[in-house]
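Have a look at run.txt; it's compact mmCIF, C-alpha atoms and all ligand atoms:
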# COMPACT_ATOMS: atom_id res chain seq x y z
CA MET Z 1 -25.10 -30.68 -56.71
CA GLY Z 2 -27.17 -33.30 -58.61
CA ASP Z 3 -24.89 -33.99 -61.54
CA ALA Z 4 -21.62 -32.83 -59.98
CA PRO Z 5 -19.06 -35.63 -60.00
CA VAL Z 6 -18.56 -37.22 -56.60
CA ALA Z 7 -14.86 -37.83 -57.22
CA VAL Z 8 -12.41 -36.36 -59.70
CA THR Z 9 -8.76 -36.72 -60.56
CA GLU Z 10 -7.01 -33.74 -62.13
CA HIS Z 11 -3.75 -34.40 -63.94
CA LEU Z 12 -3.15 -37.07 -61.34
CA THR Z 13 0.38 -38.44 -61.72
CA LYS Z 14 2.61 -40.76 -59.71
CA VAL Z 15 6.29 -41.25 -60.38
CA TYR Z 16 7.82 -43.66 -57.85
CA PRO Z 17 11.37 -43.20 -56.59
CA GLY Z 18 13.49 -44.87 -59.23
CA GLY Z 19 11.45 -43.26 -61.97
CA VAL Z 20 8.52 -45.61 -62.68
CA ARG Z 21 5.67 -43.45 -64.02
CA ALA Z 22 2.88 -45.57 -62.57
CA VAL Z 23 0.07 -43.09 -63.28
CA ASP Z 24 0.40 -40.44 -65.94
CA ASP Z 25 -1.87 -37.38 -66.13
CA LEU Z 26 -5.08 -39.13 -65.19
CA ASN Z 27 -8.29 -37.08 -65.55
CA LEU Z 28 -11.42 -38.86 -64.37
CA GLU Z 29 -14.87 -37.82 -63.22
CA ILE Z 30 -16.80 -40.34 -61.15
CA ARG Z 31 -20.56 -39.78 -61.25
CA ARG Z 32 -22.75 -40.17 -58.21
CA GLY Z 33 -24.34 -43.61 -58.05
CA GLU Z 34 -22.32 -45.29 -60.77
CA ILE Z 35 -20.07 -48.31 -60.68
CA PHE Z 36 -16.90 -47.10 -62.32
CA GLY Z 37 -14.15 -49.54 -63.28
CA LEU Z 38 -10.45 -49.26 -63.91
CA LEU Z 39 -9.58 -52.22 -66.10
CA GLY Z 40 -5.97 -53.00 -66.84
CA PRO Z 41 -3.28 -55.68 -66.74
CA ASN Z 42 -0.70 -56.23 -63.99
CA GLY Z 43 1.31 -53.11 -63.34
CA ALA Z 44 -1.11 -50.83 -65.20
CA GLY Z 45 -1.31 -48.45 -62.24
CA LYS Z 46 -4.66 -49.53 -60.79
CA SER Z 47 -3.56 -49.80 -57.15
CA THR Z 48 -1.53 -46.61 -57.39
CA THR Z 49 -4.59 -44.76 -58.69
CA ALA Z 50 -6.78 -46.26 -55.96
CA GLY Z 51 -4.06 -45.36 -53.44
CA MET Z 52 -4.02 -41.71 -54.48
CA LEU Z 53 -7.82 -41.56 -54.25
CA THR Z 54 -7.80 -43.07 -50.76
CA THR Z 55 -5.01 -41.14 -48.90
CA ARG Z 56 -2.45 -43.95 -49.14
CA VAL Z 57 -0.24 -42.74 -52.00
CA ARG Z 58 1.03 -39.20 -52.39
CA PRO Z 59 0.57 -37.81 -55.92
CA THR Z 60 3.68 -36.52 -57.64
CA GLU Z 61 1.53 -34.06 -59.59
CA GLY Z 62 -2.14 -33.22 -59.83
CA ARG Z 63 -4.77 -34.10 -57.26
CA ALA Z 64 -7.59 -36.42 -56.31
CA VAL Z 65 -10.78 -34.92 -54.91
CA VAL Z 66 -13.61 -36.88 -53.25
CA GLY Z 67 -16.81 -35.16 -52.17
CA GLY Z 68 -15.11 -31.81 -52.67
CA VAL Z 69 -12.19 -32.71 -50.38
CA ASP Z 70 -8.61 -32.82 -51.67
CA VAL Z 71 -7.58 -36.28 -50.54
CA TRP Z 72 -3.91 -35.54 -49.90
CA GLU Z 73 -4.47 -32.10 -48.36
CA ASP Z 74 -7.10 -33.24 -45.90
CA PRO Z 75 -6.84 -37.01 -45.38
CA ALA Z 76 -8.79 -37.01 -42.12
CA ARG Z 77 -11.88 -35.54 -43.78
CA ALA Z 78 -11.37 -37.61 -46.90
CA LYS Z 79 -11.33 -40.81 -44.84
CA ARG Z 80 -14.87 -40.15 -43.62
CA LEU Z 81 -16.06 -39.80 -47.22
CA ILE Z 82 -14.49 -42.97 -48.56
CA GLY Z 83 -14.70 -46.68 -47.87
CA VAL Z 84 -11.74 -48.78 -48.92
CA VAL Z 85 -11.27 -52.45 -49.66
CA PRO Z 86 -7.56 -52.72 -50.47
CA GLN Z 87 -5.90 -55.46 -52.51
CA SER Z 88 -4.55 -57.21 -49.40
CA ASN Z 89 -6.37 -58.43 -46.30
CA THR Z 90 -6.43 -55.70 -43.65
CA LEU Z 91 -8.86 -57.29 -41.18
CA ASP Z 92 -7.85 -57.15 -37.53
CA ARG Z 93 -6.83 -60.68 -36.63
CA ALA Z 94 -7.05 -59.98 -32.92
CA LEU Z 95 -10.80 -59.46 -33.33
CA ASP Z 96 -13.59 -61.76 -34.41
CA VAL Z 97 -15.83 -61.09 -37.41
CA ARG Z 98 -18.47 -59.00 -35.66
CA GLU Z 99 -15.86 -57.08 -33.66
CA ASN Z 100 -14.11 -56.03 -36.86
CA LEU Z 101 -17.30 -54.20 -37.75
CA TYR Z 102 -18.18 -53.04 -34.25
CA PHE Z 103 -14.85 -51.33 -33.58
CA HIS Z 104 -14.85 -49.78 -37.02
CA GLY Z 105 -18.20 -48.20 -36.19
CA ARG Z 106 -16.91 -47.02 -32.82
CA PHE Z 107 -13.82 -45.57 -34.48
CA PHE Z 108 -16.13 -43.57 -36.74
CA GLY Z 109 -18.01 -42.19 -33.75
CA MET Z 110 -20.97 -44.55 -33.45
CA ARG Z 111 -22.47 -45.23 -30.03
CA ALA Z 112 -21.94 -48.77 -28.75
CA ARG Z 113 -25.57 -49.76 -29.22
CA THR Z 114 -25.70 -48.34 -32.77
CA ALA Z 115 -22.41 -49.99 -33.70
CA ARG Z 116 -23.71 -53.35 -32.45
CA ALA Z 117 -26.98 -53.03 -34.35
CA GLU Z 118 -25.27 -51.85 -37.53
CA ALA Z 119 -22.74 -54.67 -37.33
CA ASP Z 120 -25.54 -57.23 -37.12
CA LEU Z 121 -27.38 -55.70 -40.05
CA LEU Z 122 -24.23 -55.72 -42.15
CA LEU Z 123 -23.43 -59.31 -41.22
CA GLU Z 124 -26.84 -60.29 -42.49
CA ARG Z 125 -26.61 -58.27 -45.63
CA PHE Z 126 -23.14 -59.56 -46.47
CA ARG Z 127 -24.18 -63.18 -45.71
CA LEU Z 128 -21.86 -63.52 -42.73
CA SER Z 129 -24.32 -63.85 -39.83
CA ASP Z 130 -23.39 -67.46 -39.16
CA ARG Z 131 -19.73 -66.44 -38.80
CA ALA Z 132 -20.26 -63.54 -36.40
CA THR Z 133 -18.05 -64.90 -33.64
CA ALA Z 134 -15.50 -66.69 -35.82
CA PRO Z 135 -11.89 -65.52 -35.81
CA VAL Z 136 -11.17 -63.75 -39.09
CA MET Z 137 -8.36 -66.24 -39.72
CA ALA Z 138 -11.05 -68.89 -40.17
CA LEU Z 139 -12.78 -67.06 -43.04
CA SER Z 140 -12.46 -68.17 -46.64
CA GLY Z 141 -11.07 -65.65 -49.10
CA GLY Z 142 -14.56 -64.79 -50.30
CA MET Z 143 -15.89 -64.26 -46.77
CA ALA Z 144 -12.93 -62.11 -45.80
CA GLN Z 145 -13.55 -59.98 -48.88
CA ARG Z 146 -17.23 -59.61 -47.96
CA LEU Z 147 -16.30 -58.62 -44.41
CA MET Z 148 -13.87 -55.98 -45.71
CA ALA Z 149 -16.62 -54.63 -47.97
CA ALA Z 150 -19.10 -54.57 -45.06
CA ARG Z 151 -16.58 -52.69 -42.93
CA ALA Z 152 -15.88 -50.27 -45.78
CA VAL Z 153 -19.52 -49.22 -46.11
CA MET Z 154 -20.34 -49.14 -42.39
CA HIS Z 155 -19.72 -45.40 -42.01
CA ARG Z 156 -21.81 -44.69 -45.17
CA PRO Z 157 -19.05 -43.42 -47.41
CA GLN Z 158 -19.84 -41.34 -50.49
CA VAL Z 159 -17.58 -43.57 -52.55
CA LEU Z 160 -16.65 -47.21 -52.00
CA PHE Z 161 -13.27 -48.16 -53.50
CA LEU Z 162 -12.40 -51.80 -54.11
CA ASP Z 163 -8.99 -52.81 -55.45
CA GLU Z 164 -9.28 -56.11 -57.35
CA PRO Z 165 -12.10 -57.32 -55.11
CA THR Z 166 -12.34 -60.80 -56.60
CA ALA Z 167 -8.72 -61.56 -57.48
CA GLY Z 168 -7.95 -65.10 -56.43
CA LEU Z 169 -11.53 -65.95 -55.44
CA ASP Z 170 -13.27 -69.07 -56.69
CA PRO Z 171 -16.10 -68.46 -59.19
CA GLN Z 172 -18.84 -68.93 -56.59
CA SER Z 173 -17.36 -66.40 -54.17
CA ARG Z 174 -16.82 -64.01 -57.04
CA ILE Z 175 -20.47 -64.18 -58.04
CA ALA Z 176 -21.54 -63.76 -54.39
CA LEU Z 177 -19.51 -60.55 -54.14
CA TRP Z 178 -20.86 -59.28 -57.48
CA GLU Z 179 -24.38 -59.79 -56.13
CA ILE Z 180 -23.63 -57.74 -53.05
CA LEU Z 181 -22.01 -54.97 -55.07
CA ARG Z 182 -25.08 -54.86 -57.32
CA GLU Z 183 -27.32 -54.53 -54.26
CA LEU Z 184 -25.21 -51.67 -52.95
CA HIS Z 185 -25.40 -50.07 -56.39
CA THR Z 186 -29.19 -50.41 -56.39
CA ASP Z 187 -29.23 -48.55 -53.07
CA GLY Z 188 -27.31 -45.70 -54.71
CA GLN Z 189 -23.80 -46.43 -53.48
CA THR Z 190 -21.10 -44.99 -55.76
CA ILE Z 191 -18.48 -47.66 -56.36
CA VAL Z 192 -15.04 -47.46 -57.95
CA LEU Z 193 -13.34 -50.77 -58.54
CA THR Z 194 -10.16 -51.92 -60.21
CA THR Z 195 -9.92 -55.24 -61.94
CA HIS Z 196 -7.99 -57.17 -64.51
CA TYR Z 197 -10.97 -59.44 -65.22
CA MET Z 198 -12.79 -58.24 -68.28
CA GLU Z 199 -15.86 -60.31 -67.33
CA GLU Z 200 -16.04 -58.46 -64.03
CA ALA Z 201 -15.74 -55.06 -65.67
CA ASP Z 202 -18.32 -56.06 -68.26
CA GLU Z 203 -20.77 -57.47 -65.71
CA LEU Z 204 -20.64 -54.74 -63.12
CA CYS Z 205 -19.52 -51.41 -64.47
CA ASP Z 206 -21.70 -48.61 -65.78
CA ARG Z 207 -18.57 -47.03 -67.23
CA LEU Z 208 -14.97 -48.06 -67.26
CA ALA Z 209 -11.55 -46.81 -68.20
CA ILE Z 210 -9.11 -49.20 -69.83
CA ILE Z 211 -5.68 -48.30 -68.50
CA ASP Z 212 -2.21 -49.45 -69.50
CA HIS Z 213 1.11 -48.07 -68.29
CA GLY Z 214 -0.71 -45.48 -66.19
CA VAL Z 215 -2.57 -44.00 -69.15
CA VAL Z 216 -6.28 -44.17 -70.02
CA MET Z 217 -6.54 -45.85 -73.42
CA ALA Z 218 -10.33 -45.64 -73.65
CA LEU Z 219 -13.28 -44.73 -71.45
CA ASP Z 220 -16.91 -45.58 -72.08
CA THR Z 221 -19.71 -47.94 -71.14
CA PRO Z 222 -18.85 -51.62 -71.69
CA GLU Z 223 -21.24 -51.61 -74.66
CA GLY Z 224 -19.68 -48.47 -76.11
CA LEU Z 225 -16.20 -49.91 -75.81
CA LYS Z 226 -17.22 -53.15 -77.52
CA ARG Z 227 -18.97 -51.19 -80.27
CA SER Z 228 -15.72 -49.27 -80.79
CA VAL Z 229 -14.21 -52.46 -82.19
CA GLY Z 230 -16.41 -51.60 -85.18
CA ALA Z 231 -17.55 -55.16 -85.77
CA ASP Z 232 -20.26 -57.46 -84.57
CA THR Z 233 -18.10 -60.55 -84.91
CA VAL Z 234 -14.46 -61.27 -84.16
CA VAL Z 235 -12.82 -64.12 -86.07
CA THR Z 236 -9.61 -65.40 -84.52
CA VAL Z 237 -7.29 -67.26 -86.85
CA THR Z 238 -4.29 -69.31 -85.76
CA ALA Z 239 -2.10 -70.15 -88.73
CA ASP Z 240 1.54 -70.63 -89.71
CA GLY Z 241 3.25 -67.89 -91.67
CA ASP Z 242 3.09 -64.12 -91.98
CA LEU Z 243 -0.13 -63.22 -90.18
CA ASP Z 244 0.06 -59.56 -91.18
CA ARG Z 245 -0.02 -60.64 -94.81
CA LEU Z 246 -2.87 -63.05 -94.08
CA GLY Z 247 -4.75 -60.17 -92.46
CA GLN Z 248 -4.29 -58.11 -95.59
CA VAL Z 249 -5.37 -60.93 -97.88
CA LEU Z 250 -8.50 -61.64 -95.84
CA THR Z 251 -9.43 -57.99 -95.51
CA ASP Z 252 -9.20 -57.60 -99.29
CA ARG Z 253 -11.27 -60.74 -99.88
CA LEU Z 254 -13.99 -60.11 -97.28
CA GLY Z 255 -15.89 -56.92 -97.98
CA THR Z 256 -17.06 -56.82 -94.37
CA ALA Z 257 -13.75 -56.79 -92.47
CA THR Z 258 -13.31 -53.75 -90.26
CA SER Z 259 -9.97 -54.52 -88.63
CA ALA Z 260 -7.12 -57.00 -88.64
CA VAL Z 261 -4.86 -57.13 -85.61
CA VAL Z 262 -2.03 -59.57 -85.00
CA ALA Z 263 -1.37 -60.20 -81.32
CA VAL Z 264 0.18 -63.07 -79.41
CA GLY Z 265 0.58 -65.21 -82.49
CA LYS Z 266 -3.02 -64.94 -83.67
CA LEU Z 267 -4.84 -62.90 -86.24
CA GLN Z 268 -7.99 -61.19 -85.04
CA LEU Z 269 -10.32 -60.08 -87.73
CA GLY Z 270 -13.25 -57.81 -86.98
CA VAL Z 271 -16.14 -58.36 -89.39
CA ARG Z 272 -19.52 -56.71 -89.69
CA SER Z 273 -21.42 -59.89 -90.42
CA ALA Z 274 -20.55 -63.48 -89.63
CA ASP Z 275 -22.55 -64.89 -92.56
CA GLY Z 276 -20.40 -67.25 -94.59
CA VAL Z 277 -17.22 -65.88 -93.13
CA LEU Z 278 -15.62 -69.07 -91.88
CA PRO Z 279 -15.59 -70.98 -95.18
CA THR Z 280 -14.30 -67.89 -96.96
CA VAL Z 281 -11.53 -67.40 -94.39
CA LEU Z 282 -10.48 -71.05 -94.70
CA SER Z 283 -10.47 -71.21 -98.49
CA THR Z 284 -8.83 -67.82 -98.93
CA ALA Z 285 -6.09 -68.67 -96.44
CA GLU Z 286 -5.42 -71.99 -98.15
CA ASP Z 287 -5.43 -70.42 -101.62
CA HIS Z 288 -2.62 -68.19 -100.38
CA GLY Z 289 -0.59 -71.04 -98.92
CA PHE Z 290 -1.51 -70.66 -95.25
CA THR Z 291 -2.33 -73.66 -93.07
CA VAL Z 292 -5.08 -72.68 -90.66
CA ARG Z 293 -4.61 -74.49 -87.36
CA ASP Z 294 -7.49 -73.01 -85.43
CA LEU Z 295 -10.45 -70.79 -86.13
CA SER Z 296 -13.02 -69.31 -83.78
CA VAL Z 297 -15.86 -66.83 -83.94
CA ASP Z 298 -17.13 -64.69 -81.10
CA VAL Z 299 -18.89 -61.44 -80.34
CA PRO Z 300 -16.44 -58.65 -79.44
CA SER Z 301 -15.35 -58.64 -75.80
CA LEU Z 302 -13.45 -56.09 -73.72
CA GLU Z 303 -10.45 -58.34 -74.33
CA ASP Z 304 -10.74 -57.55 -78.05
CA VAL Z 305 -10.93 -53.86 -77.23
CA PHE Z 306 -7.76 -54.14 -75.18
CA ILE Z 307 -5.96 -56.07 -77.92
CA GLN Z 308 -6.95 -53.47 -80.51
CA LEU Z 309 -5.69 -50.69 -78.27
CA THR Z 310 -2.41 -52.27 -77.15
CA GLY Z 311 -1.62 -55.26 -79.36
CA ARG Z 312 -1.43 -57.33 -76.18
CA GLU Z 313 -3.71 -59.60 -74.21
CA LEU Z 314 -5.26 -58.51 -70.94
CA ARG Z 315 -5.06 -61.89 -69.30
CA ASP Z 316 -1.95 -62.96 -67.45
N1 LIG A 1 6.00 -48.57 -53.91
C1 LIG A 1 6.45 -48.67 -55.17
N2 LIG A 1 7.71 -48.31 -55.51
C2 LIG A 1 8.15 -48.39 -56.79
N3 LIG A 1 7.40 -48.80 -57.82
C3 LIG A 1 6.13 -49.17 -57.56
C4 LIG A 1 5.59 -49.12 -56.23
N4 LIG A 1 4.30 -49.55 -56.28
C5 LIG A 1 4.05 -49.85 -57.57
N5 LIG A 1 5.14 -49.63 -58.35
C6 LIG A 1 5.22 -49.80 -59.83
O1 LIG A 1 4.27 -48.94 -60.42
C7 LIG A 1 3.59 -49.60 -61.51
C8 LIG A 1 2.10 -49.65 -61.24
O2 LIG A 1 1.88 -50.49 -60.10
P1 LIG A 1 0.43 -50.73 -59.50
O3 LIG A 1 0.60 -51.58 -58.30
O4 LIG A 1 -0.26 -49.44 -59.33
O5 LIG A 1 -0.25 -51.55 -60.67
P2 LIG A 1 -1.57 -52.45 -60.66
O6 LIG A 1 -2.30 -52.12 -61.90
O7 LIG A 1 -2.28 -52.31 -59.37
O8 LIG A 1 -0.96 -53.93 -60.78
P3 LIG A 1 -1.46 -55.33 -60.14
O9 LIG A 1 -2.40 -55.92 -61.15
O10 LIG A 1 -0.18 -56.11 -60.09
O11 LIG A 1 -2.06 -55.09 -58.81
C9 LIG A 1 4.27 -50.96 -61.64
O12 LIG A 1 5.27 -50.85 -62.61
C10 LIG A 1 4.84 -51.21 -60.26
O13 LIG A 1 5.98 -52.03 -60.34
MG MG A 2 -2.85 -53.63 -57.93

Reformat the file's structure so that it appears as structure tokens.
Ligand SMILES: Nc1ncnc2c1ncn2[C@@H]1O[C@H](COP(=O)(O)OP(=O)(O)OP(=O)(O)O)[C@@H](O)[C@H]1O
Ligand SMILES: [Mg+2]
Amino acid sequence: MGDAPVAVTEHLTKVYPGGVRAVDDLNLEIRRGEIFGLLGPNGAGKSTTAGMLTTRVRPTEGRAVVGGVDVWEDPARAKRLIGVVPQSNTLDRALDVRENLYFHGRFFGMRARTARAEADLLLERFRLSDRATAPVMALSGGMAQRLMAARAVMHRPQVLFLDEPTAGLDPQSRIALWEILRELHTDGQTIVLTTHYMEEADELCDRLAIIDHGVVMALDTPEGLKRSVGADTVVTVTADGDLDRLGQVLTDRLGTATSAVVAVGKLQLGVRSADGVLPTVLSTAEDHGFTVRDLSVDVPSLEDVFIQLTGRELRD
């Protein structure tokens, strides 16, 4: 047992009617106790992947297995092993906050007294105690998300899945949810989350897969992915003219350049050391007839990794 993955996907593929290949031959192994992220832009196939891991979407090929159970073959058993926070609000609006937890516990076979006690513990833990009897309609987006997460872990699932848990939340609510996810992680909860926020993936995930068009482009720890850029500094140059040529010119001039990628009208130059780079970039560009309109220096981010892999930006 010990090191056996708690969830796997084997050649997992989804082709929707009409022919969209949303997920294409996905092979993942989720380790017990980790926070695993699927990072990708809109339409990358994140929700479809989460859906196939959580009984909601039928795979076209391959399979998803959680805790040894084939999710599509045996959805009833799979549902006991997973907790799900989907991308849209699925709270029961006929029930108040505490009741949403209580009836979930009852549905999963808890005695009334246990369900009540568990609900109260979860309300405390997810910072919702003062809202126990509020209608769920009255919750802010961040509170609703916390309640869905509380409900999802109430039956002690082996894996907690969250699909874009902080999309649309204000920064404070986002940080509050991150804190709770970190606490769950500390207690050993395996978590799989999807996100299109690189900061979220970077902050939370032990490992993550960058996906685009249903395909894994890279999979590693956040640090490993950022190291893969092969630079300790990224210089972004906005200038008029042929940026590919500027990239070539600068790479030739700077001995320390490791990459030059043109994406969304900017040149991104990976360099091994930032020392003296900016003046050299400016003077070299001007010597070759380029007018530099903007120049910035940063450490590599997951955004840079995505740009290197796809030539596009992750942000929408
Ligand atoms: N029910 C469906 N029928 C047909 N095509 C679909 C269906 N659901 C998703 N798709 C398509 O499959 C692709 C992947 O969609 P999916 O929702 O999995 O992406 P996502 O990464 O979750 O995107 P988002 O960031 O918008 O949530 C997209 O091209 C989408 O239009
Ligand atoms: Mg989605």

Check which residues of stretch 160-237 of chain Z sit at most 12 Å from stretch 270-284 of chain Z using all atoms listed in the file, and return one row each with the closest pair of atoms and their distance in Å to one decimal, ordered by chain and rising number, as a Markdown table.
| residue | atom | partner | partner_atom | distance |
| --- | --- | --- | --- | --- |
| Z:Lys226 | CA | Z:Gly270 | CA | 11.3 |
| Z:Arg227 | CA | Z:Arg272 | CA | 10.9 |
| Z:Ser228 | CA | Z:Gly270 | CA | 10.8 |
| Z:Val229 | CA | Z:Gly270 | CA | 7.2 |
| Z:Gly230 | CA | Z:Gly270 | CA | 7.2 |
| Z:Ala231 | CA | Z:Arg272 | CA | 4.7 |
| Z:Asp232 | CA | Z:Arg272 | CA | 5.2 |
| Z:Thr233 | CA | Z:Val271 | CA | 5.4 |
| Z:Val234 | CA | Z:Gly270 | CA | 4.6 |
| Z:Val235 | CA | Z:Gly270 | CA | 6.4 |
| Z:Thr236 | CA | Z:Gly270 | CA | 8.8 |
| Z:Val237 | CA | Z:Val281 | CA | 8.7 |

Hey, could you make a per-residue contact list for chain Z against ligand LIG 1 (chain A) with 10 Å as the cut-off, showing the nearest pair of atoms and its distance in Å to one decimal, counting all atoms listed in the file, sorted by chain and number, as a tab-separated table?
residue	atom	partner	partner_atom	distance
Z:Lys14	CA	A:LIG1	O1	8.4
Z:Val15	CA	A:LIG1	O1	8.0
Z:Tyr16	CA	A:LIG1	C2	4.9
Z:Pro17	CA	A:LIG1	C2	6.1
Z:Gly18	CA	A:LIG1	C2	6.8
Z:Gly19	CA	A:LIG1	C2	8.0
Z:Val20	CA	A:LIG1	O1	5.9
Z:Arg21	CA	A:LIG1	O1	6.7
Z:Ala22	CA	A:LIG1	C7	4.2
Z:Val23	CA	A:LIG1	C8	7.2
Z:Leu38	CA	A:LIG1	O6	8.9
Z:Leu39	CA	A:LIG1	O6	8.4
Z:Gly40	CA	A:LIG1	O6	6.2
Z:Pro41	CA	A:LIG1	O9	5.7
Z:Asn42	CA	A:LIG1	O9	3.3
Z:Gly43	CA	A:LIG1	O5	3.5
Z:Ala44	CA	A:LIG1	O6	3.7
Z:Gly45	CA	A:LIG1	O4	3.2
Z:Lys46	CA	A:LIG1	O6	3.7
Z:Ser47	CA	A:LIG1	O7	3.6
Z:Thr48	CA	A:LIG1	O4	3.7
Z:Thr49	CA	A:LIG1	O4	6.4
Z:Ala50	CA	A:LIG1	O4	8.0
Z:Gly51	CA	A:LIG1	O4	8.1
Z:Met52	CA	A:LIG1	O4	9.9
Z:Val57	CA	A:LIG1	N1	8.8
Z:Gln87	CA	A:LIG1	O11	7.4
Z:Ser88	CA	A:LIG1	O11	10.0
Z:Asp163	CA	A:LIG1	O7	7.8
Z:Glu164	CA	A:LIG1	O11	7.4
Z:Ala167	CA	A:LIG1	O9	9.2
Z:Thr194	CA	A:LIG1	O7	7.9
Z:Thr195	CA	A:LIG1	O9	7.6
Z:His196	CA	A:LIG1	O9	6.6
Z:Ile211	CA	A:LIG1	O6	8.3
Z:Asp212	CA	A:LIG1	O6	8.1
Z:His213	CA	A:LIG1	C8	7.3
Z:Gly214	CA	A:LIG1	C8	7.1
Z:Asp316	CA	A:LIG1	O9	9.5

Residues within 12 Å of (-16.0, -54.4, -31.2), file coords, all atoms listed in the file, listed as number ranges by chain: Z: 92, 94-107, 110-120, 132-133, 151

Could you produce a table of the residues of stretch 152-269 of chain Z lying within 12 Å of stretch 63-85 of chain Z, with the nearest pair of atoms per residue and their separation in Å rounded to one decimal, using only C-alpha atoms, ordered by chain and increasing residue number, as a Markdown table?
| residue | atom | partner | partner_atom | distance |
| --- | --- | --- | --- | --- |
| Z:Ala152 | CA | Z:Gly83 | CA | 4.3 |
| Z:Val153 | CA | Z:Gly83 | CA | 5.7 |
| Z:Met154 | CA | Z:Gly83 | CA | 8.2 |
| Z:His155 | CA | Z:Arg80 | CA | 7.3 |
| Z:Arg156 | CA | Z:Leu81 | CA | 7.8 |
| Z:Pro157 | CA | Z:Leu81 | CA | 4.7 |
| Z:Gln158 | CA | Z:Leu81 | CA | 5.2 |
| Z:Val159 | CA | Z:Ile82 | CA | 5.1 |
| Z:Leu160 | CA | Z:Gly83 | CA | 4.6 |
| Z:Phe161 | CA | Z:Val84 | CA | 4.9 |
| Z:Leu162 | CA | Z:Val85 | CA | 4.6 |
| Z:Asp163 | CA | Z:Val85 | CA | 6.2 |
| Z:Glu164 | CA | Z:Val85 | CA | 8.7 |
| Z:Pro165 | CA | Z:Val85 | CA | 7.4 |
| Z:Thr166 | CA | Z:Val85 | CA | 10.9 |
| Z:Gln189 | CA | Z:Gly83 | CA | 10.7 |
| Z:Thr190 | CA | Z:Ile82 | CA | 10.0 |
| Z:Ile191 | CA | Z:Gly83 | CA | 9.3 |
| Z:Val192 | CA | Z:Val84 | CA | 9.7 |
| Z:Leu193 | CA | Z:Val85 | CA | 9.3 |
| Z:Thr194 | CA | Z:Val85 | CA | 10.6 |

For ligand MG 2 (chain A), the nearest of the candidates Z:Pro86, Z:Asp294, Z:Leu302, Z:Leu314, counting all atoms listed in the file: Z:Pro86

Nearest to Z:Met198, chosen from Z:Gln172, Z:Ser129, Z:Ser259, Z:Ser301, with only C-alpha atoms counted in the distances: Z:Ser301

Two-atom distance - atom CA of Z:Arg125, atom CA of Z:Arg32 (Å):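 Rounded to one decimal, the two atoms are 22.4 Å apart.
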
Coordinates-based distance that separates atom CA of Z:Ile307 from atom CA of Z:Thr13 (Å, one decimal):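 Pair atom CA of Z:Thr13 / atom CA of Z:Ile307 returns 24.8 Å.
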
Enclosing box along x, y and z for every listed atom of stretch 232-249 of chain Z, padded 8 Å each side, centre and size in Å, one decimal, as AutoDock Vina command-line options:
--center_x -8.5 --center_y -64.0 --center_z -91.0 --size_x 39.5 --size_y 29.2 --size_z 29.7

Separation of atom CA of Z:Gly241 from atom CA of Z:Leu269, in Å and rounded to one decimal: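 We find that atom CA of Z:Gly241 and atom CA of Z:Leu269 lie 16.1 Å from each other.
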
Nearby residues, (-12.9, -44.3, -69.8) file frame, 9 Å, all atoms listed in the file, as a count of residues only: 16

Nearest candidate to Z:Thr54 (options Z:Leu246, Z:Thr9, Z:Glu183, Z:Leu169; using all atoms listed in the file):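 When distances to Z:Thr54 are compared using all atoms listed in the file, the smallest one comes from Z:Thr9.
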
Exercise: Z:Leu128 partners within 9 Å, all atoms listed in the file, chain neighbours under 5 positions left out, as number ranges by chain: Z: 97, 122-123, 143, 146-147

Shortest interatomic distance to Z:Arg253 - which of Z:Asp287, Z:Asp130, Z:Asp298, Z:Glu29, counting all atoms listed in the file: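 Under the stated criterion, the closest residue is Z:Asp287.
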
Leaving out Z:Asp3 and any residue of its chain fewer than 3 positions from it, which residues lie within 12 Å of it when counting all atoms listed in the file, given as a compact mmCIF listing (two decimals) with C-alpha atoms, keeping the file's coordinate frame?
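The resulting file, around.txt, is shown below:
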# COMPACT_ATOMS: atom_id res chain seq x y z
CA VAL Z 6 -18.56 -37.22 -56.60
CA ALA Z 7 -14.86 -37.83 -57.22
CA GLU Z 29 -14.87 -37.82 -63.22
CA ILE Z 30 -16.80 -40.34 -61.15
CA ARG Z 31 -20.56 -39.78 -61.25
CA ARG Z 32 -22.75 -40.17 -58.21
CA GLY Z 33 -24.34 -43.61 -58.05
CA GLU Z 34 -22.32 -45.29 -60.77
